[in-house]
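To start, the structure under review is shown below, and the notes come after it.
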There are 2 protein chains.
Amino acid sequence: MNRIASNIFEHIPDEISNELFENIVSAENIRIERIVSKGHDSPESGWYDQDEHEWVIVLKGEAEIQFENQTTVRLASGSHLNIPAHMRHKVSWTDPDTETIWLAVYYK
Amino acid sequence: MNRIASNIFEHIPDEISNELFENIVSAENIRIERIVSKGHDSPESGWYDQDEHEWVIVLKGEAEIQFENQTTVRLASGSHLNIPAHMRHKVSWTDPDTETIWLAVYYK
């Protein structure tokens, strides 16, 4: 185990041409991921349709998540949301002027 | 499902005489909890000795976690740490001047 704490706000590349996905914890039943966006929307394929539940929080920046029923939820720093498995959704907008840092917990 | 996002930095009581623990997600294999401390250390019983792994991040404020081998880790906003099950630890200090907001993910 690494006893030195890491910092979620550090080691952000200067240029983010694609969204950046990094595993923080990967275990049998959960995965914790940091996502860094800057003006990106995703996925290109249209919708996320995931086998796992996802709890997501925006820690910096701003974003919008859209659901298939057209509901759109605006997320600022500290906003969090639980997305059940197979609830189709997409990131419809992220702030183009600053990095948006997300923490996502995927669980069964 | 509640489509309105909650905010982790909101609904903090003015007076926090005891540490505040609130479940955000509670599922079969994980539990996500918000903890608000203000000058508290814990637990009173000496050490946390948990059956589950814990990934913890400080989102606001400052804190120190001490491990049984005397290693102490200082945590500021954004600092995160993974604590394996049964690794005995305690919160040895939190900032007395402001709320420290933690997010803890307990998992099997």
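Starting from 1 in every chain, residues are counted up; chains themselves are A, B, ... following the order of the structure tokens, and ligands are numbered from 1 as listed.
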
For chain A, report every residue with an atom at most 9 Å from chain B (counting only C-alpha atoms), formatted as a VMD selection string. chain A and resid 1 to 10 25 27 to 30 55 57 59 71 to 84 105 107 to 108

Mind checking which residues fall within 9 Å of stretch 90-102 of chain B, counting only C-alpha atoms, ignoring those fewer than 2 positions away in the same chain, and posting them as a ChimeraX atom specification? /B:8-9,12,16,33-43,46-48,56-68,72,77,88,104

Residue subset to file, keeping N, CA, C and O atoms, as a short mmCIF file (atom, residue, chain, number, x, y, z; two decimals), in the first residue's frame:
data_model
loop_
_atom_site.label_atom_id
_atom_site.label_comp_id
_atom_site.auth_asym_id
_atom_site.auth_seq_id
_atom_site.Cartn_x
_atom_site.Cartn_y
_atom_site.Cartn_z
N ILE B 8 -22.43 18.05 -2.35
CA ILE B 8 -21.70 17.52 -1.19
C ILE B 8 -21.28 18.64 -0.23
O ILE B 8 -21.03 18.40 0.95
N PHE B 9 -21.21 19.88 -0.75
CA PHE B 9 -20.75 21.00 0.08
C PHE B 9 -21.91 21.73 0.76
O PHE B 9 -21.69 22.69 1.50
N ILE B 12 -24.60 21.80 5.49
CA ILE B 12 -23.68 21.58 6.61
C ILE B 12 -24.27 22.34 7.81
O ILE B 12 -24.49 23.55 7.72
N ILE B 16 -21.32 21.72 14.78
CA ILE B 16 -21.02 20.29 14.61
C ILE B 16 -20.36 19.81 15.89
O ILE B 16 -19.14 19.78 16.02
N GLU B 33 -20.18 7.46 1.79
CA GLU B 33 -20.58 8.23 2.97
C GLU B 33 -19.93 9.61 2.93
O GLU B 33 -18.79 9.74 2.50
N ARG B 34 -20.69 10.61 3.34
CA ARG B 34 -20.09 11.92 3.60
C ARG B 34 -19.83 12.04 5.09
O ARG B 34 -20.69 11.72 5.89
N ILE B 35 -18.64 12.52 5.42
CA ILE B 35 -18.29 12.75 6.82
C ILE B 35 -17.89 14.21 6.96
O ILE B 35 -17.14 14.74 6.14
N VAL B 36 -18.46 14.89 7.97
CA VAL B 36 -18.08 16.27 8.24
C VAL B 36 -17.47 16.33 9.63
O VAL B 36 -18.10 15.93 10.62
N SER B 37 -16.23 16.81 9.70
CA SER B 37 -15.52 16.94 10.97
C SER B 37 -15.16 18.41 11.18
O SER B 37 -15.06 19.17 10.22
N LYS B 38 -14.98 18.80 12.42
CA LYS B 38 -14.48 20.15 12.71
C LYS B 38 -13.71 20.09 14.01
O LYS B 38 -14.27 20.27 15.10
N GLY B 39 -12.42 19.80 13.87
CA GLY B 39 -11.58 19.70 15.05
C GLY B 39 -11.71 18.36 15.77
O GLY B 39 -11.07 18.15 16.79
N HIS B 40 -12.53 17.45 15.21
CA HIS B 40 -12.70 16.15 15.84
C HIS B 40 -11.55 15.22 15.50
O HIS B 40 -10.96 15.30 14.43
N ASP B 41 -11.27 14.31 16.43
CA ASP B 41 -10.50 13.13 16.07
C ASP B 41 -11.37 11.92 16.39
O ASP B 41 -12.35 12.04 17.15
N SER B 42 -11.06 10.78 15.81
CA SER B 42 -11.95 9.62 15.99
C SER B 42 -11.25 8.34 15.57
O SER B 42 -10.25 8.40 14.86
N PRO B 43 -11.72 7.17 16.02
CA PRO B 43 -12.83 7.02 16.96
C PRO B 43 -12.34 7.16 18.40
O PRO B 43 -11.13 7.09 18.65
N GLY B 46 -10.18 4.33 19.98
CA GLY B 46 -8.77 4.12 19.69
C GLY B 46 -8.47 3.99 18.22
O GLY B 46 -7.84 4.85 17.64
N TRP B 47 -8.91 2.89 17.62
CA TRP B 47 -8.59 2.63 16.22
C TRP B 47 -9.82 2.16 15.45
O TRP B 47 -10.65 1.44 15.98
N TYR B 48 -9.89 2.55 14.19
CA TYR B 48 -10.82 1.89 13.28
C TYR B 48 -10.18 0.59 12.81
O TYR B 48 -9.00 0.58 12.41
N VAL B 56 -10.74 6.93 0.71
CA VAL B 56 -11.22 8.17 1.32
C VAL B 56 -10.54 9.38 0.66
O VAL B 56 -9.37 9.32 0.28
N ILE B 57 -11.32 10.44 0.49
CA ILE B 57 -10.78 11.67 -0.08
C ILE B 57 -11.28 12.84 0.76
O ILE B 57 -12.42 12.85 1.22
N VAL B 58 -10.39 13.80 0.99
CA VAL B 58 -10.78 15.05 1.65
C VAL B 58 -11.16 16.04 0.55
O VAL B 58 -10.39 16.29 -0.37
N LEU B 59 -12.37 16.60 0.66
CA LEU B 59 -12.84 17.54 -0.38
C LEU B 59 -12.74 18.98 0.08
O LEU B 59 -12.76 19.90 -0.74
N LYS B 60 -12.64 19.18 1.39
CA LYS B 60 -12.54 20.54 1.95
C LYS B 60 -11.90 20.39 3.32
O LYS B 60 -12.13 19.40 4.00
N GLY B 61 -11.10 21.38 3.70
CA GLY B 61 -10.48 21.34 5.02
C GLY B 61 -9.16 20.58 5.01
O GLY B 61 -8.56 20.37 3.94
N GLU B 62 -8.74 20.17 6.19
CA GLU B 62 -7.47 19.44 6.31
C GLU B 62 -7.57 18.44 7.44
O GLU B 62 -8.28 18.67 8.43
N ALA B 63 -6.83 17.37 7.32
CA ALA B 63 -6.91 16.29 8.31
C ALA B 63 -5.62 15.49 8.34
O ALA B 63 -4.77 15.61 7.45
N GLU B 64 -5.49 14.69 9.38
CA GLU B 64 -4.39 13.74 9.46
C GLU B 64 -4.91 12.38 9.86
O GLU B 64 -5.72 12.27 10.79
N ILE B 65 -4.46 11.38 9.14
CA ILE B 65 -4.78 9.99 9.49
C ILE B 65 -3.51 9.34 10.01
O ILE B 65 -2.44 9.48 9.40
N GLN B 66 -3.65 8.66 11.12
CA GLN B 66 -2.50 7.95 11.69
C GLN B 66 -2.73 6.45 11.59
O GLN B 66 -3.84 5.96 11.82
N PHE B 67 -1.68 5.73 11.24
CA PHE B 67 -1.76 4.27 11.19
C PHE B 67 -1.08 3.69 12.43
O PHE B 67 -0.31 4.37 13.10
N GLU B 68 -1.39 2.42 12.68
CA GLU B 68 -0.91 1.80 13.91
C GLU B 68 0.61 1.76 13.98
O GLU B 68 1.19 1.77 15.07
N THR B 72 1.94 8.86 9.83
CA THR B 72 0.85 9.83 9.79
C THR B 72 0.81 10.43 8.39
O THR B 72 1.84 10.77 7.82
N SER B 77 -7.32 19.38 0.67
CA SER B 77 -8.39 19.25 -0.31
C SER B 77 -7.89 18.50 -1.54
O SER B 77 -6.92 18.90 -2.18
N ARG B 88 -5.40 -0.93 10.82
CA ARG B 88 -5.88 -0.10 11.93
C ARG B 88 -5.38 1.34 11.75
O ARG B 88 -4.20 1.58 11.51
N ALA B 104 -16.08 8.99 1.79
CA ALA B 104 -15.50 7.66 2.05
C ALA B 104 -16.27 6.62 1.25
O ALA B 104 -17.51 6.62 1.25
#

Residue list (strand (DSSP E), DSSP) for chain A, as an mmCIF file with C-alpha atoms, in the first residue's frame:
data_model
loop_
_atom_site.group_PDB
_atom_site.id
_atom_site.type_symbol
_atom_site.label_atom_id
_atom_site.label_comp_id
_atom_site.auth_asym_id
_atom_site.auth_seq_id
_atom_site.Cartn_x
_atom_site.Cartn_y
_atom_site.Cartn_z
ATOM 1 C CA SER A 6 -2.332 11.311 -4.004
ATOM 2 C CA ASN A 7 -4.212 14.457 -4.965
ATOM 3 C CA LEU A 20 -8.739 11.550 -19.737
ATOM 4 C CA PHE A 21 -9.818 8.415 -17.835
ATOM 5 C CA GLU A 22 -7.695 7.051 -14.971
ATOM 6 C CA ASN A 23 -8.379 4.214 -12.559
ATOM 7 C CA ILE A 24 -7.859 5.115 -8.919
ATOM 8 C CA VAL A 25 -9.218 1.912 -7.381
ATOM 9 C CA SER A 26 -9.991 -1.273 -9.265
ATOM 10 C CA ILE A 30 -16.114 -1.490 -7.739
ATOM 11 C CA ARG A 31 -14.010 0.783 -9.839
ATOM 12 C CA ILE A 32 -13.187 4.360 -8.910
ATOM 13 C CA GLU A 33 -12.116 6.543 -11.792
ATOM 14 C CA ARG A 34 -10.971 10.114 -12.297
ATOM 15 C CA ILE A 35 -12.205 11.719 -15.497
ATOM 16 C CA VAL A 36 -10.883 15.026 -16.815
ATOM 17 C CA SER A 37 -12.901 16.820 -19.508
ATOM 18 C CA HIS A 53 -24.388 1.441 -11.472
ATOM 19 C CA GLU A 54 -22.461 4.698 -11.400
ATOM 20 C CA TRP A 55 -22.248 7.343 -8.714
ATOM 21 C CA VAL A 56 -20.588 10.451 -10.074
ATOM 22 C CA ILE A 57 -19.504 13.766 -8.571
ATOM 23 C CA VAL A 58 -18.038 16.875 -10.211
ATOM 24 C CA LEU A 59 -15.137 18.165 -8.118
ATOM 25 C CA LYS A 60 -14.099 21.077 -10.349
ATOM 26 C CA ALA A 63 -20.966 19.839 -16.805
ATOM 27 C CA GLU A 64 -24.341 18.646 -18.023
ATOM 28 C CA ILE A 65 -25.581 15.093 -18.151
ATOM 29 C CA GLN A 66 -28.501 14.298 -20.397
ATOM 30 C CA PHE A 67 -30.755 11.282 -19.999
ATOM 31 C CA THR A 72 -30.743 17.366 -18.410
ATOM 32 C CA VAL A 73 -28.943 17.811 -15.096
ATOM 33 C CA ARG A 74 -26.463 20.633 -14.573
ATOM 34 C CA LEU A 75 -23.521 19.784 -12.341
ATOM 35 C CA SER A 79 -22.822 18.107 -7.444
ATOM 36 C CA HIS A 80 -23.364 14.374 -7.371
ATOM 37 C CA LEU A 81 -25.777 11.956 -8.936
ATOM 38 C CA ASN A 82 -26.490 8.241 -8.932
ATOM 39 C CA ILE A 83 -27.082 6.609 -12.317
ATOM 40 C CA HIS A 89 -27.148 8.925 -20.499
ATOM 41 C CA LYS A 90 -24.482 11.102 -21.988
ATOM 42 C CA VAL A 91 -22.299 14.032 -21.064
ATOM 43 C CA SER A 92 -23.925 16.692 -23.231
ATOM 44 C CA TRP A 93 -21.646 19.583 -22.204
ATOM 45 C CA THR A 94 -18.554 20.414 -20.181
ATOM 46 C CA THR A 100 -13.881 19.560 -15.343
ATOM 47 C CA ILE A 101 -12.689 16.920 -12.880
ATOM 48 C CA TRP A 102 -15.104 14.076 -12.195
ATOM 49 C CA LEU A 103 -14.940 11.233 -9.765
ATOM 50 C CA ALA A 104 -16.946 8.184 -10.852
ATOM 51 C CA VAL A 105 -17.643 5.104 -8.719
ATOM 52 C CA TYR A 106 -18.905 2.135 -10.759
ATOM 53 C CA TYR A 107 -20.436 -0.657 -8.674
#
